[in-house]
Structure formats: structure tokens, C-alpha cells
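The structure under discussion appears below in the form of C-alpha cells.
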Amino acid sequence: MADPATEAFLAHRNLLFTVAYQMLGSAADAEDVLQETWLRWVGVEPATVRDQRAYLVRITTRQALMRLRTLGRRKESYVGPWLPEPLLTAPDVAEDVELADSVSMAMLLVLETLTPAERAVFVLREVFDLGYDEIAEAVGKSAAAVRQIAHRARSHVAARRPRGEISPAESRDALEAFRHAVETGDLRHLLEILAPDVVFLGDGGGVVQAVPEPVLGAAAVASLLAAGLGNFAGGVLSAAEVNGYPALLLRRAGEVDTVLAVRIDDGLITGLYAVRNPEKLSRLAEETTLRR
């Protein structure tokens with residue numbers, strides 16, 4: 001039988017992973033944060049902790065903030081565009097609209113534009129609905145300061161997040177059009193759903209071939225795909241639920257080669273995100289459980 005400390009940690013583990021993943025955009029780093037959280041938690045007597053969930057979230061947040069600063073330095077030397085690590089998610093994530101929105105590839109990229117403190121405060125307040133006093137303890141600032149950071153972060157995100165609620169049906173339609181265009185070579189319909197300012201990002205991490213710079217504009221993106229430079233030719237495309245939304249998996253010889261996610265604004269594709277770095281595809285063999 002598990003001891004009280006282990007039981008408490010396991011009861012909140014999926015929540016803690018979700019907090020860390022949303023702050024870091026990396027499942028591997030989120031797992032490292034959970035390991036650090038556990039090492040600190042086992043030194044505490046659970047019976048002395050009034051609110052174990054809040055206490056564990058506080059430890060996780062502090063560890064994630066330290067890791068986030070390290071990640072920032074790592075990204076400075078990253079080869080090519082950096083994209084979040086994609087996760088296969090269960091249908092219940094898609095059913096929780098707020099959770100799905102908060103872990104979508106598009107939102108995680110928006111969160112990348114925040115400072116570490118803004119990202120932590122935004123995630124804890126807007127996604128997990130923690131009180132300002134709780135957040136203040138987690139990030140080591142006053143409640144008044146946290147309120148100001150939350151306001152600044154909300155304004156920043158609101159100006160950059162996808163416009164309007166994106167339905168799974170819209171994402172599926174867009175991805176189906178993309179798949180049809182790639183498989184048939186007919187890009188006419190794809191051009192009809194690409195926004196004029198669409199951006200294509202490819203993340204190979206310097207390990208595998210990927211588009212080294214963002215490709216901007218419908219004509220340029222269509223030309224890229226027509227030339228076979230999007231790395232989608234010669235594989236098998238299949239649908240999947242990734243980060244709470246429909247996405248496409250490209251397999252070669254049975255192995256996942258690329259994950260393609262989309263951002264949609266006002267019914268048009270404004271972002272195409274292709275993750276190819278093998279280090280970011282290691283968790284796609286099974287679903288990851290996310291919780292609020």
C-alpha cells in the first residue's frame with residue numbers, strides 16, 4: 001500500500017504535469033519538473049499541509065520557472081524555428097474547451113511570447129483559476145504585483161490568440177483539405193482556405209531536414225508544398241487528436257515522421273506547424289492524460 005505522500009502526489013500528478021507542460025511547452029522538461037517536485041514533496045509531512053493540491057502546484061510552478069529560464073537559453077541556440085512538443089490527447093481533453101484551447105499548439109506559441117513570470121501567472125490564473133494569493137506564493141511576488149502581471153499577460157495573449165472559438169470540425173475540414181492537396185497535388189482548394197498572411201513553421205531541431213525559416217504568405221506556402229519541400233510527400237497521413245485538436249500524423253515505414261497542427265482564424269488557416277524533431281515525437285505512441 002502506498003504511503004500518504006505517494007498517494008497525494010499520484011492523485012495530483014496529471015494536474016501537475018499539465019501545469020508544467022503549459023509553462024514549458026515540452027513534455028520531457030515537464031517530466032523533469034515533476035521529478036524535482038517529487039523530491040521536494042517527500043521531505044514534507046503530508047499531514048501538516050492544509051491544501052496538498054495548492055502546495056504541490058506551488059512546488060511545480062517554482063521548478064517550472066527555473067526550468068523555463070534554462071529553456072530560454074537553450075532556445076537561443078536552437079537550429080531553425082522552435083515548436084512545442086506535440087502530445088496525443090484523449091477525447092476528454094477536446095471536450096473541455098478551455099483546457100483544449102490552453103494546450104493547443106497555437107496557444108502554446110502565444111505563451112512563448114510572454115516572460116516567465118507572465119506565463120506562470122497566466123496559466124495559474126486563466127487555466128487553473130487559482131487565487132491571486134496562491135499565485136503570489138507560487139511565483140514569489142506580492143498579490144498586488146500578481147494582479148498587475150495577470151492584467152498585462154491577459155492583454156498580451158488577447159492580442160495574439162486565435163480570433164474566435166475554433167471548432168474541431170473546422171480543424172478537421174482544414175486538415176482534410178491539406179491532406180487532399182498533398183495526396184493529389186491539387187493545391188487549388190488549399191489556396192482557398194489559406195489566409196493571405198499564413199505562416200508555415202517546420203521544426204527539425206537541426207536533427208532532420210525541415211524548413212529552416214518561417215515561410216510567409218499563401219502563395220509562398222502553396223509553392224513550398226507544391227515543390228515537396230514541406231516534407232509531406234512519400235508518407236502516409238492519418239488523423240489524430242493532438243493537444244486537444246485534430247491534427248495529422250505523417251508516418252514513414254510505420255514510424256511517426258511529422259506532426260502537423262494548424263491555427264485557424266475566421267475560418268482560414270493562419271498557421272501550419274510541422275514538428276519533425278525526433279526528440280519531440282517520442283511520446284506519440286500513447287495518449288498523454290491532461291487535467292485541470
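In the C-alpha cells, each chain is lettered A, B, ... as it comes, each chain's residues begin at 1, and ligands are numbered from 1 in order of appearance.
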For Arg147 (chain A), please output as a ChimeraX atom specification all residues within 10 Å (counting only C-alpha atoms; exclusion window: fewer than 3 positions along the same chain). /A:121,125,131-133,135-136,142-144,150-153
How would you write, as an MDAnalysis selection string, the set of residues in region 24-248 of chain A that DSSP gives as helix (DSSP H, G or I)? chainID A and resid 24 27:41 46:48 52:76 91:95 97:103 105:111 116:127 132:139 143:158 168:184 188:193 218:226
Just write the chosen residues, C-alpha atoms, as a compact mmCIF listing (two decimals), in the first residue's frame.
```
# COMPACT_ATOMS: atom_id res chain seq x y z
CA LEU A 24 7.33 24.86 -20.75
CA ALA A 27 6.78 17.11 -22.11
CA ALA A 28 10.34 15.96 -21.43
CA ASP A 29 11.08 19.06 -19.36
CA ALA A 30 7.68 18.78 -17.64
CA GLU A 31 8.60 15.25 -16.54
CA ASP A 32 11.90 16.54 -15.15
CA VAL A 33 9.98 19.20 -13.22
CA LEU A 34 7.69 16.55 -11.76
CA GLN A 35 10.72 14.57 -10.64
CA GLU A 36 12.07 17.66 -8.85
CA THR A 37 8.62 18.28 -7.35
CA TRP A 38 8.52 14.73 -6.02
CA LEU A 39 11.98 15.01 -4.45
CA ARG A 40 10.86 18.10 -2.56
CA TRP A 41 7.45 16.67 -1.67
CA PRO A 46 1.58 15.50 4.24
CA ALA A 47 -0.50 15.75 7.41
CA THR A 48 0.99 19.19 8.09
CA GLN A 52 -1.96 19.50 -0.69
CA ARG A 53 -3.06 20.37 -4.23
CA ALA A 54 -2.10 24.03 -3.83
CA TYR A 55 1.18 23.08 -2.14
CA LEU A 56 2.15 20.71 -4.96
CA VAL A 57 1.17 23.24 -7.63
CA ARG A 58 3.35 25.81 -5.85
CA ILE A 59 6.40 23.50 -5.90
CA THR A 60 5.78 22.58 -9.54
CA THR A 61 5.43 26.21 -10.57
CA ARG A 62 8.67 27.20 -8.89
CA GLN A 63 10.55 24.34 -10.52
CA ALA A 64 8.99 25.11 -13.91
CA LEU A 65 10.01 28.77 -13.62
CA MET A 66 13.62 27.76 -13.06
CA ARG A 67 13.46 25.33 -15.97
CA LEU A 68 11.78 27.95 -18.18
CA ARG A 69 14.74 30.27 -17.80
CA THR A 70 17.11 27.44 -18.73
CA LEU A 71 14.93 26.61 -21.74
CA GLY A 72 15.13 30.23 -22.88
CA ARG A 73 18.91 29.98 -23.10
CA ARG A 74 18.63 26.62 -24.89
CA LYS A 75 16.22 28.03 -27.48
CA GLU A 76 18.67 30.80 -28.34
CA PRO A 91 -11.18 12.87 -26.39
CA ASP A 92 -11.95 14.24 -22.92
CA VAL A 93 -9.36 16.99 -23.45
CA ALA A 94 -11.17 18.16 -26.58
CA GLU A 95 -14.45 18.14 -24.65
CA VAL A 97 -12.92 23.58 -24.44
CA GLU A 98 -10.88 25.80 -22.12
CA LEU A 99 -8.28 23.10 -21.49
CA ALA A 100 -8.03 22.23 -25.19
CA ASP A 101 -7.57 25.90 -26.09
CA SER A 102 -4.88 26.35 -23.44
CA VAL A 103 -2.76 23.40 -24.65
CA MET A 105 -0.14 24.39 -30.45
CA ALA A 106 -1.36 27.85 -31.41
CA MET A 107 -1.84 28.92 -27.78
CA LEU A 108 1.45 27.44 -26.60
CA LEU A 109 3.18 29.53 -29.27
CA VAL A 110 1.37 32.62 -27.97
CA LEU A 111 2.51 31.78 -24.43
CA PRO A 116 8.45 33.51 -17.48
CA ALA A 117 6.55 35.31 -14.71
CA GLU A 118 3.73 36.34 -17.07
CA ARG A 119 3.44 32.81 -18.39
CA ALA A 120 3.25 31.29 -14.91
CA VAL A 121 0.67 33.82 -13.70
CA PHE A 122 -1.45 33.49 -16.84
CA VAL A 123 -1.50 29.69 -16.71
CA LEU A 124 -2.30 29.51 -12.99
CA ARG A 125 -4.98 32.22 -13.14
CA GLU A 126 -6.66 31.75 -16.52
CA VAL A 127 -6.40 27.97 -16.88
CA TYR A 132 -4.04 35.76 -6.55
CA ASP A 133 -2.74 34.97 -3.07
CA GLU A 134 -1.99 31.37 -4.07
CA ILE A 135 -0.26 32.50 -7.26
CA ALA A 136 1.75 35.07 -5.32
CA GLU A 137 3.14 32.30 -3.11
CA ALA A 138 3.96 30.18 -6.14
CA VAL A 139 5.86 32.88 -8.05
CA ALA A 143 -0.63 39.62 -4.65
CA ALA A 144 -0.76 43.20 -5.95
CA ALA A 145 2.15 42.54 -8.30
CA VAL A 146 0.49 39.32 -9.48
CA ARG A 147 -2.69 41.21 -10.34
CA GLN A 148 -0.69 43.63 -12.50
CA ILE A 149 1.19 40.78 -14.19
CA ALA A 150 -2.09 38.94 -14.83
CA HIS A 151 -3.63 42.02 -16.45
CA ARG A 152 -0.56 42.55 -18.63
CA ALA A 153 -0.43 38.88 -19.64
CA ARG A 154 -4.17 38.76 -20.47
CA SER A 155 -3.86 41.81 -22.71
CA HIS A 156 -0.80 40.38 -24.44
CA VAL A 157 -2.45 37.00 -25.06
CA ALA A 158 -5.76 38.53 -26.16
CA PRO A 168 -12.89 20.62 -34.04
CA ALA A 169 -14.96 20.41 -37.22
CA GLU A 170 -13.18 23.48 -38.65
CA SER A 171 -9.80 21.98 -37.84
CA ARG A 172 -10.76 18.65 -39.40
CA ASP A 173 -12.01 20.34 -42.57
CA ALA A 174 -8.82 22.38 -42.89
CA LEU A 175 -6.62 19.35 -42.34
CA GLU A 176 -8.64 17.26 -44.77
CA ALA A 177 -8.14 19.96 -47.43
CA PHE A 178 -4.43 19.96 -46.68
CA ARG A 179 -4.24 16.17 -46.90
CA HIS A 180 -6.19 16.15 -50.18
CA ALA A 181 -3.87 18.77 -51.66
CA VAL A 182 -0.74 16.87 -50.63
CA GLU A 183 -2.01 13.48 -51.79
CA THR A 184 -3.41 14.71 -55.13
CA ARG A 188 -6.36 25.00 -55.67
CA HIS A 189 -8.68 24.17 -52.77
CA LEU A 190 -5.86 24.60 -50.26
CA LEU A 191 -5.27 28.13 -51.54
CA GLU A 192 -8.93 28.86 -50.89
CA ILE A 193 -8.57 28.17 -47.16
CA ALA A 218 -0.39 31.86 -49.07
CA ALA A 219 1.47 31.83 -52.40
CA ALA A 220 4.81 31.02 -50.78
CA VAL A 221 3.35 28.27 -48.58
CA ALA A 222 1.49 26.76 -51.55
CA SER A 223 4.67 26.84 -53.64
CA LEU A 224 6.59 25.18 -50.81
CA LEU A 225 4.09 22.34 -50.65
CA ALA A 226 3.87 22.02 -54.41
```
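You can rank A:Tyr245, A:Leu268, A:Ala285, A:Pro81 by their closest distance to Glu213 (chain A) using only C-alpha atoms, and at the top of that list sits A:Pro81.
Computed from the coordinates, the CA of Ala261 (chain A) to CA of Arg276 (chain A) distance equals 11.8 Å.
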Would you mind listing what lies within 8 Å of Asn277 (chain A) as number ranges by chain, with only C-alpha atoms counted and same-chain residues fewer than 4 positions away left out? A: 203-208, 281
Could you go through region 3-216 of chain A and tell me which residues DSSP, when run on the backbone, assigns to strand (DSSP E), listing them as an MDAnalysis selection string? chainID A and resid 194:203 215:216
Write out the residues from the selection above, keeping all heavy atoms, as a PDB file, in the first residue's frame.
```
ATOM      1  N   LEU A 194      -6.282  29.039 -47.207  1.00  0.00           N
ATOM      2  CA  LEU A 194      -5.094  29.651 -46.608  1.00  0.00           C
ATOM      3  C   LEU A 194      -5.302  31.149 -46.482  1.00  0.00           C
ATOM      4  O   LEU A 194      -5.678  31.816 -47.448  1.00  0.00           O
ATOM      5  CB  LEU A 194      -3.851  29.390 -47.454  1.00  0.00           C
ATOM      6  CG  LEU A 194      -3.278  27.975 -47.485  1.00  0.00           C
ATOM      7  CD1 LEU A 194      -2.068  27.932 -48.412  1.00  0.00           C
ATOM      8  CD2 LEU A 194      -2.906  27.495 -46.095  1.00  0.00           C
ATOM      9  N   ALA A 195      -5.052  31.689 -45.302  1.00  0.00           N
ATOM     10  CA  ALA A 195      -5.125  33.137 -45.120  1.00  0.00           C
ATOM     11  C   ALA A 195      -3.982  33.792 -45.895  1.00  0.00           C
ATOM     12  O   ALA A 195      -2.917  33.192 -46.062  1.00  0.00           O
ATOM     13  CB  ALA A 195      -5.023  33.489 -43.638  1.00  0.00           C
ATOM     14  N   PRO A 196      -4.171  35.015 -46.357  1.00  0.00           N
ATOM     15  CA  PRO A 196      -3.103  35.702 -47.094  1.00  0.00           C
ATOM     16  C   PRO A 196      -1.796  35.788 -46.302  1.00  0.00           C
ATOM     17  O   PRO A 196      -0.712  35.750 -46.887  1.00  0.00           O
ATOM     18  CB  PRO A 196      -3.690  37.093 -47.347  1.00  0.00           C
ATOM     19  CG  PRO A 196      -5.169  36.884 -47.325  1.00  0.00           C
ATOM     20  CD  PRO A 196      -5.405  35.815 -46.291  1.00  0.00           C
ATOM     21  N   ASP A 197      -1.905  35.894 -44.966  1.00  0.00           N
ATOM     22  CA  ASP A 197      -0.700  36.030 -44.139  1.00  0.00           C
ATOM     23  C   ASP A 197      -0.342  34.735 -43.412  1.00  0.00           C
ATOM     24  O   ASP A 197       0.311  34.752 -42.364  1.00  0.00           O
ATOM     25  CB  ASP A 197      -0.888  37.148 -43.122  1.00  0.00           C
ATOM     26  CG  ASP A 197      -2.095  36.913 -42.205  1.00  0.00           C
ATOM     27  OD1 ASP A 197      -2.897  36.003 -42.498  1.00  0.00           O
ATOM     28  OD2 ASP A 197      -2.232  37.650 -41.203  1.00  0.00           O
ATOM     29  N   VAL A 198      -0.752  33.582 -43.955  1.00  0.00           N
ATOM     30  CA  VAL A 198      -0.459  32.301 -43.328  1.00  0.00           C
ATOM     31  C   VAL A 198       1.052  32.127 -43.146  1.00  0.00           C
ATOM     32  O   VAL A 198       1.853  32.611 -43.947  1.00  0.00           O
ATOM     33  CB  VAL A 198      -1.033  31.136 -44.177  1.00  0.00           C
ATOM     34  CG1 VAL A 198      -0.388  31.083 -45.557  1.00  0.00           C
ATOM     35  CG2 VAL A 198      -0.873  29.804 -43.462  1.00  0.00           C
ATOM     36  N   VAL A 199       1.439  31.432 -42.058  1.00  0.00           N
ATOM     37  CA  VAL A 199       2.847  31.138 -41.811  1.00  0.00           C
ATOM     38  C   VAL A 199       3.019  29.631 -41.662  1.00  0.00           C
ATOM     39  O   VAL A 199       2.210  28.966 -41.008  1.00  0.00           O
ATOM     40  CB  VAL A 199       3.380  31.878 -40.566  1.00  0.00           C
ATOM     41  CG1 VAL A 199       2.572  31.514 -39.324  1.00  0.00           C
ATOM     42  CG2 VAL A 199       4.858  31.578 -40.335  1.00  0.00           C
ATOM     43  N   PHE A 200       4.050  29.102 -42.293  1.00  0.00           N
ATOM     44  CA  PHE A 200       4.409  27.689 -42.173  1.00  0.00           C
ATOM     45  C   PHE A 200       5.697  27.609 -41.357  1.00  0.00           C
ATOM     46  O   PHE A 200       6.705  28.231 -41.721  1.00  0.00           O
ATOM     47  CB  PHE A 200       4.617  27.069 -43.555  1.00  0.00           C
ATOM     48  CG  PHE A 200       4.964  25.595 -43.542  1.00  0.00           C
ATOM     49  CD1 PHE A 200       4.004  24.638 -43.833  1.00  0.00           C
ATOM     50  CD2 PHE A 200       6.253  25.160 -43.247  1.00  0.00           C
ATOM     51  CE1 PHE A 200       4.312  23.284 -43.826  1.00  0.00           C
ATOM     52  CE2 PHE A 200       6.578  23.814 -43.232  1.00  0.00           C
ATOM     53  CZ  PHE A 200       5.600  22.877 -43.525  1.00  0.00           C
ATOM     54  N   LEU A 201       5.663  26.843 -40.255  1.00  0.00           N
ATOM     55  CA  LEU A 201       6.844  26.651 -39.424  1.00  0.00           C
ATOM     56  C   LEU A 201       7.198  25.170 -39.404  1.00  0.00           C
ATOM     57  O   LEU A 201       6.329  24.318 -39.187  1.00  0.00           O
ATOM     58  CB  LEU A 201       6.589  27.127 -37.984  1.00  0.00           C
ATOM     59  CG  LEU A 201       6.260  28.607 -37.775  1.00  0.00           C
ATOM     60  CD1 LEU A 201       5.945  28.880 -36.307  1.00  0.00           C
ATOM     61  CD2 LEU A 201       7.425  29.478 -38.231  1.00  0.00           C
ATOM     62  N   GLY A 202       8.462  24.874 -39.616  1.00  0.00           N
ATOM     63  CA  GLY A 202       8.929  23.495 -39.564  1.00  0.00           C
ATOM     64  C   GLY A 202      10.020  23.351 -38.528  1.00  0.00           C
ATOM     65  O   GLY A 202      10.989  24.116 -38.524  1.00  0.00           O
ATOM     66  N   ASP A 203       9.870  22.394 -37.617  1.00  0.00           N
ATOM     67  CA  ASP A 203      10.818  22.197 -36.516  1.00  0.00           C
ATOM     68  C   ASP A 203      11.535  20.860 -36.697  1.00  0.00           C
ATOM     69  O   ASP A 203      10.962  19.797 -36.452  1.00  0.00           O
ATOM     70  CB  ASP A 203      10.060  22.236 -35.183  1.00  0.00           C
ATOM     71  CG  ASP A 203      10.969  22.042 -33.969  1.00  0.00           C
ATOM     72  OD1 ASP A 203      12.110  21.576 -34.145  1.00  0.00           O
ATOM     73  OD2 ASP A 203      10.523  22.338 -32.848  1.00  0.00           O
ATOM     74  N   VAL A 215       7.959  30.372 -43.400  1.00  0.00           N
ATOM     75  CA  VAL A 215       7.526  30.684 -44.761  1.00  0.00           C
ATOM     76  C   VAL A 215       6.223  31.472 -44.647  1.00  0.00           C
ATOM     77  O   VAL A 215       5.259  30.996 -44.039  1.00  0.00           O
ATOM     78  CB  VAL A 215       7.317  29.411 -45.593  1.00  0.00           C
ATOM     79  CG1 VAL A 215       6.824  29.758 -46.999  1.00  0.00           C
ATOM     80  CG2 VAL A 215       8.618  28.613 -45.674  1.00  0.00           C
ATOM     81  N   LEU A 216       6.175  32.669 -45.207  1.00  0.00           N
ATOM     82  CA  LEU A 216       5.054  33.577 -45.015  1.00  0.00           C
ATOM     83  C   LEU A 216       4.272  33.787 -46.308  1.00  0.00           C
ATOM     84  O   LEU A 216       4.854  33.925 -47.385  1.00  0.00           O
ATOM     85  CB  LEU A 216       5.561  34.932 -44.507  1.00  0.00           C
ATOM     86  CG  LEU A 216       6.404  34.926 -43.229  1.00  0.00           C
ATOM     87  CD1 LEU A 216       6.957  36.315 -42.948  1.00  0.00           C
ATOM     88  CD2 LEU A 216       5.576  34.434 -42.056  1.00  0.00           C
TER      89      LEU A 216
END
```
Could you work out how far CA of His12 (chain A) lies from CA of Arg50 (chain A), giving the answer in Å with one decimal? 14.9 Å
